[in-house]
file coords.cif (mmCIF, C-alpha atoms)
data_upload
#
loop_
_atom_site.label_atom_id
_atom_site.label_comp_id
_atom_site.auth_asym_id
_atom_site.auth_seq_id
_atom_site.Cartn_x
_atom_site.Cartn_y
_atom_site.Cartn_z
CA MET K 307 8.28 19.14 15.08
CA PRO K 308 6.15 16.60 16.98
CA ILE K 309 3.42 17.93 19.23
CA VAL K 310 3.28 16.02 22.51
CA THR K 311 0.46 16.40 24.99
CA SER K 312 0.54 14.73 28.37
CA LYS K 313 -1.99 14.00 31.08
CA LYS K 314 -0.47 12.78 34.33
CA ASP K 315 -2.51 10.27 36.32
CA VAL K 316 -0.98 8.93 39.53
CA GLN K 317 -2.45 5.78 41.04
CA THR K 318 -1.57 4.19 44.36
CA LEU K 319 -2.32 0.57 45.07
CA PRO K 320 -3.20 -0.32 48.68
CA ALA K 321 -0.22 -1.72 50.60
CA ALA K 322 -0.60 -5.08 52.26
CA THR K 323 0.45 -5.42 55.89
CA GLY K 324 4.13 -6.29 56.08
CA ASP K 325 4.58 -5.50 52.35
CA ILE K 326 8.29 -4.75 51.87
CA TRP K 327 7.46 -3.20 48.48
CA ALA K 328 4.86 -0.75 49.85
CA GLU K 329 6.95 2.29 48.94
CA PHE K 330 7.17 1.06 45.34
CA ARG K 331 3.43 0.57 44.87
CA GLU K 332 2.84 4.13 43.69
CA ILE K 333 2.45 3.97 39.94
CA GLU K 334 2.63 6.90 37.58
CA ARG K 335 0.74 6.43 34.33
CA LEU K 336 1.13 8.87 31.45
CA ASN K 337 -1.35 9.11 28.61
CA LEU K 338 0.49 10.55 25.62
CA SER K 339 -0.85 11.66 22.27
CA LEU K 340 1.77 12.07 19.58
CA THR K 341 1.22 13.93 16.34
CA GLN K 342 3.97 13.99 13.78
CA THR K 343 4.15 15.36 10.27
CA TYR K 344 6.96 14.29 7.98
CA THR K 345 7.87 14.43 4.32
CA HIS K 346 8.63 11.22 2.48
CA THR K 347 10.06 10.93 -1.02
CA LEU K 348 9.09 8.13 -3.36
CA GLY K 349 12.61 8.31 -4.76
CA LYS K 350 13.39 6.68 -8.10
CA TYR K 351 9.78 5.51 -8.33
CA SER K 352 8.38 9.06 -8.22
CA ARG K 353 7.71 9.26 -11.95
CA PHE K 354 5.47 6.18 -11.75
CA PHE K 355 3.25 7.92 -9.17
CA ILE K 356 3.36 11.29 -10.94
CA GLU K 357 2.14 9.64 -14.14
CA LEU K 358 -0.71 7.92 -12.28
CA GLU K 359 -1.95 11.44 -11.54
CA ASN K 360 -1.83 12.00 -15.33
CA ARG K 361 -3.82 8.77 -15.88
CA ARG K 362 -0.85 6.93 -17.40
CA LEU K 363 0.54 3.57 -16.31
CA LEU K 364 4.31 3.28 -16.59
CA GLY K 365 6.66 0.36 -16.22
CA THR K 366 10.35 -0.01 -16.88
CA SER K 367 12.16 -1.95 -19.55
CA CYS K 368 15.63 -3.46 -19.63
CA ALA K 369 17.36 -2.97 -22.98
CA SER K 370 19.89 -5.67 -22.10
CA CYS K 371 17.54 -8.61 -21.48
CA ASP K 372 14.19 -7.31 -22.82
CA ARG K 373 12.31 -7.75 -19.53
CA VAL K 374 9.52 -5.30 -18.68
CA TYR K 375 8.80 -4.54 -15.03
CA ALA K 376 5.44 -3.48 -13.67
CA PRO K 377 5.59 -2.25 -10.97
CA PRO K 378 8.71 -0.47 -12.20
CA ARG K 379 12.24 -1.18 -11.05
CA PRO K 380 15.16 1.22 -11.51
CA LEU K 381 17.57 -1.70 -12.06
CA CYS K 382 16.90 -4.98 -13.78
CA PRO K 383 17.15 -7.64 -11.07
CA HIS K 384 18.17 -10.19 -13.72
CA CYS K 385 21.19 -8.46 -15.24
CA LEU K 386 21.57 -5.40 -12.96
CA GLN K 387 21.38 -2.92 -15.85
CA PRO K 388 19.52 0.40 -15.45
CA THR K 389 16.02 0.33 -16.91
CA VAL K 390 14.12 2.94 -18.92
CA TRP K 391 10.54 4.16 -18.51
CA ILE K 392 7.86 2.88 -20.90
CA GLU K 393 4.12 3.39 -21.03
CA LEU K 394 1.99 0.27 -20.68
CA ALA K 395 -1.42 -0.31 -22.27
CA GLY K 396 -2.99 -0.98 -18.87
CA THR K 397 -4.63 -4.26 -19.84
CA GLY K 398 -3.78 -7.71 -18.62
CA VAL K 399 -4.92 -11.01 -17.16
CA VAL K 400 -5.59 -12.24 -13.60
CA LYS K 401 -2.99 -14.85 -12.68
CA THR K 402 -4.03 -15.35 -9.04
CA PHE K 403 -6.14 -13.54 -6.47
CA SER K 404 -7.32 -13.44 -2.88
CA VAL K 405 -10.66 -12.38 -1.46
CA LEU K 406 -10.06 -10.33 1.67
CA HIS K 407 -12.74 -10.44 4.34
CA PHE K 408 -10.86 -8.11 6.67
CA SER K 409 -9.27 -4.74 5.97
CA PRO K 410 -5.98 -4.05 7.76
CA GLY K 411 -6.85 -0.33 7.63
CA SER K 412 -3.20 0.56 6.96
CA ASN K 413 -4.25 3.97 5.62
CA ALA K 414 -7.50 5.81 4.93
CA ASP K 415 -7.71 4.41 1.38
CA VAL K 416 -7.53 0.82 2.61
CA ALA K 417 -9.76 1.45 5.64
CA ALA K 418 -12.46 2.75 3.27
CA LEU K 419 -12.59 -0.56 1.38
CA LYS K 420 -15.69 -2.54 2.24
CA PRO K 421 -14.87 -6.23 2.72
CA PRO K 422 -14.97 -8.56 1.02
CA TYR K 423 -12.75 -7.17 -1.71
CA VAL K 424 -10.33 -8.67 -4.20
CA PHE K 425 -6.55 -8.37 -4.26
CA ALA K 426 -5.18 -9.78 -7.53
CA TYR K 427 -1.87 -10.39 -9.24
CA ILE K 428 -2.17 -9.13 -12.81
CA LEU K 429 0.17 -9.96 -15.67
CA LEU K 430 -0.03 -6.78 -17.71
CA ASP K 431 0.16 -7.10 -21.48
CA GLY K 432 3.81 -6.69 -22.47
CA ALA K 433 5.13 -7.07 -18.89
CA SER K 434 7.39 -9.79 -17.50
CA THR K 435 6.26 -9.51 -13.87
CA LEU K 436 3.02 -9.63 -11.93
CA PHE K 437 1.42 -6.41 -10.67
CA PRO K 438 -0.30 -6.90 -7.29
CA HIS K 439 -3.23 -4.55 -6.74
CA LEU K 440 -6.93 -4.13 -6.05
CA LEU K 441 -9.43 -5.60 -8.48
CA ARG K 442 -12.81 -3.90 -8.27
CA CYS K 443 -15.06 -6.82 -8.98
CA ALA K 444 -17.53 -8.89 -7.00
CA PRO K 445 -15.54 -11.78 -5.50
CA GLU K 446 -17.90 -14.35 -7.02
CA HIS K 447 -17.16 -13.03 -10.53
CA VAL K 448 -13.35 -13.23 -10.40
CA GLU K 449 -11.66 -16.07 -12.22
CA LEU K 450 -8.15 -16.98 -13.29
CA GLY K 451 -7.41 -15.82 -16.82
CA MET K 452 -9.98 -13.02 -16.60
CA ARG K 453 -9.08 -9.98 -18.74
CA VAL K 454 -8.80 -6.70 -16.83
CA ARG K 455 -7.88 -3.09 -17.46
CA VAL K 456 -6.62 -0.20 -15.36
CA GLU K 457 -9.20 2.32 -14.18
CA PHE K 458 -8.19 5.67 -12.69
CA THR K 459 -10.01 7.75 -10.10
CA ASP K 460 -10.29 11.51 -9.74
CA GLN K 461 -11.16 11.18 -6.05
CA PRO K 462 -8.62 12.34 -3.46
CA VAL K 463 -6.47 9.51 -2.10
CA GLU K 464 -4.03 9.22 0.76
CA HIS K 465 -1.41 7.34 -1.28
CA PRO K 466 -0.99 7.76 -5.06
CA ILE K 467 -1.07 3.99 -5.71
CA HIS K 468 -4.80 4.23 -5.02
CA LEU K 469 -5.28 6.54 -8.01
CA MET K 470 -5.63 3.30 -9.97
CA CYS K 471 -7.23 -0.10 -9.66
CA PHE K 472 -8.06 -2.94 -12.00
CA VAL K 473 -11.57 -3.66 -13.32
CA PRO K 474 -12.91 -6.44 -15.54
CA MET K 475 -12.82 -5.69 -19.26
CA GLU K 476 -16.28 -5.32 -20.69
#

call {"tool": "encode", "arguments": {"input": "coords.cif", "output": "structure tokens"}}
result
Amino acid sequence: MPIVTSKKDVQTLPAATGDIWAEFREIERLNLSLTQTYTHTLGKYSRFFIELENRRLLGTSCASCDRVYAPPRPLCPHCLQPTVWIELAGTGVVKTFSVLHFSPGSNADVAALKPPYVFAYILLDGASTLFPHLLRCAPEHVELGMRVRVEFTDQPVEHPIHLMCFVPME
């Protein structure tokens, strides 16, 4: 249940002589703080996030058209057949990237990133799609075609997608 706190602050603006709106110049301003807790399910993608906690990277494969999706998809968008879970090696190649000089701060994990940082689209070995995610690498060292691998963290995170990132292969 949301917790709502309120502080009432009434302000009155001075009325001008002959002001027909004088009685409507009183303004009530409310300062509200809202706190809400809710439960959200990750639905059909839950296993992907559960396995990140187990330090495994999963994708999905379509038996009908042999496409492999990473990030996973419950249905193949090409032929609309249900997919099955597969484990991926966690290695791949940078296909494109951006250097971000500003953090949107969308959650605590993102707010903690010190700009500039790299957001890359990785073609994982064996996958048919690009995986967009953080690449922990100095921006001046990133290049197209660079080999990368998944690295997992044991640190607490706000969202399970941040249990992983990509790093250059050494």

call {"tool": "atom_distance", "arguments": {"input": "coords.cif", "atom1": "atom CA of Thr341 of chain K", "atom2": "atom CA of Ser412 of chain K"}}
result
16.9 Å

call {"tool": "closest_atom_pairs", "arguments": {"input": "coords.cif", "of": "segment 386-430 of chain K", "to": "segment 451-471 of chain K", "cutoff": "8 Å", "atoms": "all atoms listed in the file", "output": "JSON lines"}}
result
{"residue": "K:Gly396", "atom": "CA", "partner": "K:Val456", "partner_atom": "CA", "distance": 5.1}
{"residue": "K:Thr397", "atom": "CA", "partner": "K:Arg455", "partner_atom": "CA", "distance": 4.2}
{"residue": "K:Gly398", "atom": "CA", "partner": "K:Val454", "partner_atom": "CA", "distance": 5.4}
{"residue": "K:Val399", "atom": "CA", "partner": "K:Arg453", "partner_atom": "CA", "distance": 4.6}
{"residue": "K:Val400", "atom": "CA", "partner": "K:Gly451", "partner_atom": "CA", "distance": 5.1}
{"residue": "K:Lys401", "atom": "CA", "partner": "K:Gly451", "partner_atom": "CA", "distance": 6.1}
{"residue": "K:Asn413", "atom": "CA", "partner": "K:Glu464", "partner_atom": "CA", "distance": 7.2}
{"residue": "K:Ala414", "atom": "CA", "partner": "K:Glu464", "partner_atom": "CA", "distance": 6.4}
{"residue": "K:Asp415", "atom": "CA", "partner": "K:Glu464", "partner_atom": "CA", "distance": 6.1}

call {"tool": "residues_near_point", "arguments": {"input": "coords.cif", "point": "(10.5, 1.3, -19.3)", "cutoff": "9 Å", "atoms": "only C-alpha atoms", "output": "list in words"}}
result
Leu364, Gly365, Thr366, Ser367, Cys368, Ala369, Val374, Tyr375, Ala376, Pro378, Arg379, Thr389, Val390, Trp391, Ile392, Glu393 and Leu394 of chain K

call {"tool": "write_last_selection", "arguments": {"input": "coords.cif", "atoms": "C-alpha atoms", "output": "compact mmCIF listing (two decimals), in the frame of the given file"}}
result
# COMPACT_ATOMS: atom_id res chain seq x y z
CA LEU K 364 4.31 3.28 -16.59
CA GLY K 365 6.66 0.36 -16.22
CA THR K 366 10.35 -0.01 -16.88
CA SER K 367 12.16 -1.95 -19.55
CA CYS K 368 15.63 -3.46 -19.63
CA ALA K 369 17.36 -2.97 -22.98
CA VAL K 374 9.52 -5.30 -18.68
CA TYR K 375 8.80 -4.54 -15.03
CA ALA K 376 5.44 -3.48 -13.67
CA PRO K 378 8.71 -0.47 -12.20
CA ARG K 379 12.24 -1.18 -11.05
CA THR K 389 16.02 0.33 -16.91
CA VAL K 390 14.12 2.94 -18.92
CA TRP K 391 10.54 4.16 -18.51
CA ILE K 392 7.86 2.88 -20.90
CA GLU K 393 4.12 3.39 -21.03
CA LEU K 394 1.99 0.27 -20.68

call {"tool": "atom_distance", "arguments": {"input": "coords.cif", "atom1": "atom CA of Phe437 of chain K", "atom2": "atom CA of Leu363 of chain K"}}
result
11.5 Å

call {"tool": "atom_distance", "arguments": {"input": "coords.cif", "atom1": "atom CA of Tyr351 of chain K", "atom2": "atom CA of Leu441 of chain K"}}
result
22.2 Å

call {"tool": "resolve_selection", "arguments": {"input": "coords.cif", "expression": "the PyMOL selection byres ((chain K and resi 443-449) around 9)", "output": "list in words"}}
result
Val400, Lys401, Thr402, Phe403, Ser404, Val405, Pro422, Tyr423, Val424, Leu441, Arg442, Leu450, Gly451, Met452, Phe472, Val473 and Pro474 of chain K

call {"tool": "resolve_selection", "arguments": {"input": "coords.cif", "expression": "the PyMOL selection byres ((chain K and resi 408) around 8)", "output": "VMD selection string"}}
result
chain K and resid 406 to 407 409 to 410 421 to 422

call {"tool": "write_last_selection", "arguments": {"input": "coords.cif", "atoms": "C-alpha atoms", "output": "compact mmCIF listing (two decimals), in the frame of the given file"}}
result
# COMPACT_ATOMS: atom_id res chain seq x y z
CA LEU K 406 -10.06 -10.33 1.67
CA HIS K 407 -12.74 -10.44 4.34
CA SER K 409 -9.27 -4.74 5.97
CA PRO K 410 -5.98 -4.05 7.76
CA PRO K 421 -14.87 -6.23 2.72
CA PRO K 422 -14.97 -8.56 1.02

call {"tool": "resolve_selection", "arguments": {"input": "coords.cif", "expression": "the PyMOL selection byres ((chain K and resi 433) around 8)", "output": "list in words"}}
result
Arg373, Val374, Tyr375, Ala376, Leu429, Leu430, Asp431, Gly432, Ser434, Thr435 and Leu436 of chain K

call {"tool": "build_atoms", "arguments": {"input": "coords.cif", "residues": "segment 430-451 of chain K", "atoms": "N, CA and C atoms", "output": "PDB file, in the coordinates of the input"}}
result
ATOM      1  N   LEU K 430       0.328  -7.800 -16.733  1.00  0.00           N
ATOM      2  CA  LEU K 430      -0.030  -6.780 -17.710  1.00  0.00           C
ATOM      3  C   LEU K 430       0.496  -7.164 -19.086  1.00  0.00           C
ATOM      4  N   ASP K 431      -0.257  -6.831 -20.100  1.00  0.00           N
ATOM      5  CA  ASP K 431       0.160  -7.100 -21.480  1.00  0.00           C
ATOM      6  C   ASP K 431       1.508  -6.429 -21.718  1.00  0.00           C
ATOM      7  N   GLY K 432       2.475  -7.210 -22.179  1.00  0.00           N
ATOM      8  CA  GLY K 432       3.810  -6.690 -22.470  1.00  0.00           C
ATOM      9  C   GLY K 432       4.754  -6.705 -21.279  1.00  0.00           C
ATOM     10  N   ALA K 433       4.280  -7.070 -20.090  1.00  0.00           N
ATOM     11  CA  ALA K 433       5.130  -7.070 -18.890  1.00  0.00           C
ATOM     12  C   ALA K 433       5.663  -8.469 -18.608  1.00  0.00           C
ATOM     13  N   SER K 434       6.761  -8.516 -17.876  1.00  0.00           N
ATOM     14  CA  SER K 434       7.390  -9.790 -17.500  1.00  0.00           C
ATOM     15  C   SER K 434       7.086 -10.189 -16.059  1.00  0.00           C
ATOM     16  N   THR K 435       6.512  -9.275 -15.290  1.00  0.00           N
ATOM     17  CA  THR K 435       6.260  -9.510 -13.870  1.00  0.00           C
ATOM     18  C   THR K 435       4.791  -9.295 -13.536  1.00  0.00           C
ATOM     19  N   LEU K 436       4.402  -9.802 -12.386  1.00  0.00           N
ATOM     20  CA  LEU K 436       3.020  -9.630 -11.930  1.00  0.00           C
ATOM     21  C   LEU K 436       2.879  -8.316 -11.169  1.00  0.00           C
ATOM     22  N   PHE K 437       1.724  -7.678 -11.343  1.00  0.00           N
ATOM     23  CA  PHE K 437       1.420  -6.410 -10.670  1.00  0.00           C
ATOM     24  C   PHE K 437       0.350  -6.697  -9.621  1.00  0.00           C
ATOM     25  N   PRO K 438       0.687  -6.644  -8.332  1.00  0.00           N
ATOM     26  CA  PRO K 438      -0.300  -6.900  -7.290  1.00  0.00           C
ATOM     27  C   PRO K 438      -1.096  -5.628  -6.978  1.00  0.00           C
ATOM     28  N   HIS K 439      -2.420  -5.742  -7.019  1.00  0.00           N
ATOM     29  CA  HIS K 439      -3.230  -4.550  -6.740  1.00  0.00           C
ATOM     30  C   HIS K 439      -4.702  -4.932  -6.570  1.00  0.00           C
ATOM     31  N   LEU K 440      -5.490  -3.928  -6.244  1.00  0.00           N
ATOM     32  CA  LEU K 440      -6.930  -4.130  -6.050  1.00  0.00           C
ATOM     33  C   LEU K 440      -7.629  -4.388  -7.373  1.00  0.00           C
ATOM     34  N   LEU K 441      -8.572  -5.313  -7.330  1.00  0.00           N
ATOM     35  CA  LEU K 441      -9.430  -5.600  -8.480  1.00  0.00           C
ATOM     36  C   LEU K 441     -10.849  -5.295  -8.043  1.00  0.00           C
ATOM     37  N   ARG K 442     -11.437  -4.278  -8.628  1.00  0.00           N
ATOM     38  CA  ARG K 442     -12.810  -3.900  -8.270  1.00  0.00           C
ATOM     39  C   ARG K 442     -13.772  -4.779  -9.050  1.00  0.00           C
ATOM     40  N   CYS K 443     -14.192  -5.827  -8.375  1.00  0.00           N
ATOM     41  CA  CYS K 443     -15.060  -6.820  -8.980  1.00  0.00           C
ATOM     42  C   CYS K 443     -15.685  -7.628  -7.851  1.00  0.00           C
ATOM     43  N   ALA K 444     -16.916  -8.027  -8.004  1.00  0.00           N
ATOM     44  CA  ALA K 444     -17.530  -8.890  -7.000  1.00  0.00           C
ATOM     45  C   ALA K 444     -16.707 -10.169  -6.892  1.00  0.00           C
ATOM     46  N   PRO K 445     -16.381 -10.583  -5.675  1.00  0.00           N
ATOM     47  CA  PRO K 445     -15.540 -11.780  -5.500  1.00  0.00           C
ATOM     48  C   PRO K 445     -16.047 -13.004  -6.254  1.00  0.00           C
ATOM     49  N   GLU K 446     -17.350 -13.165  -6.335  1.00  0.00           N
ATOM     50  CA  GLU K 446     -17.900 -14.350  -7.020  1.00  0.00           C
ATOM     51  C   GLU K 446     -17.741 -14.302  -8.532  1.00  0.00           C
ATOM     52  N   HIS K 447     -17.334 -13.153  -9.085  1.00  0.00           N
ATOM     53  CA  HIS K 447     -17.160 -13.030 -10.530  1.00  0.00           C
ATOM     54  C   HIS K 447     -15.700 -13.126 -10.990  1.00  0.00           C
ATOM     55  N   VAL K 448     -14.766 -13.167 -10.043  1.00  0.00           N
ATOM     56  CA  VAL K 448     -13.350 -13.230 -10.400  1.00  0.00           C
ATOM     57  C   VAL K 448     -12.978 -14.649 -10.793  1.00  0.00           C
ATOM     58  N   GLU K 449     -12.169 -14.759 -11.833  1.00  0.00           N
ATOM     59  CA  GLU K 449     -11.660 -16.070 -12.220  1.00  0.00           C
ATOM     60  C   GLU K 449     -10.268 -15.920 -12.815  1.00  0.00           C
ATOM     61  N   LEU K 450      -9.488 -16.977 -12.700  1.00  0.00           N
ATOM     62  CA  LEU K 450      -8.150 -16.980 -13.290  1.00  0.00           C
ATOM     63  C   LEU K 450      -8.275 -16.832 -14.804  1.00  0.00           C
ATOM     64  N   GLY K 451      -7.380 -16.047 -15.386  1.00  0.00           N
ATOM     65  CA  GLY K 451      -7.410 -15.820 -16.820  1.00  0.00           C
ATOM     66  C   GLY K 451      -8.332 -14.699 -17.252  1.00  0.00           C
TER      67      GLY K 451
END
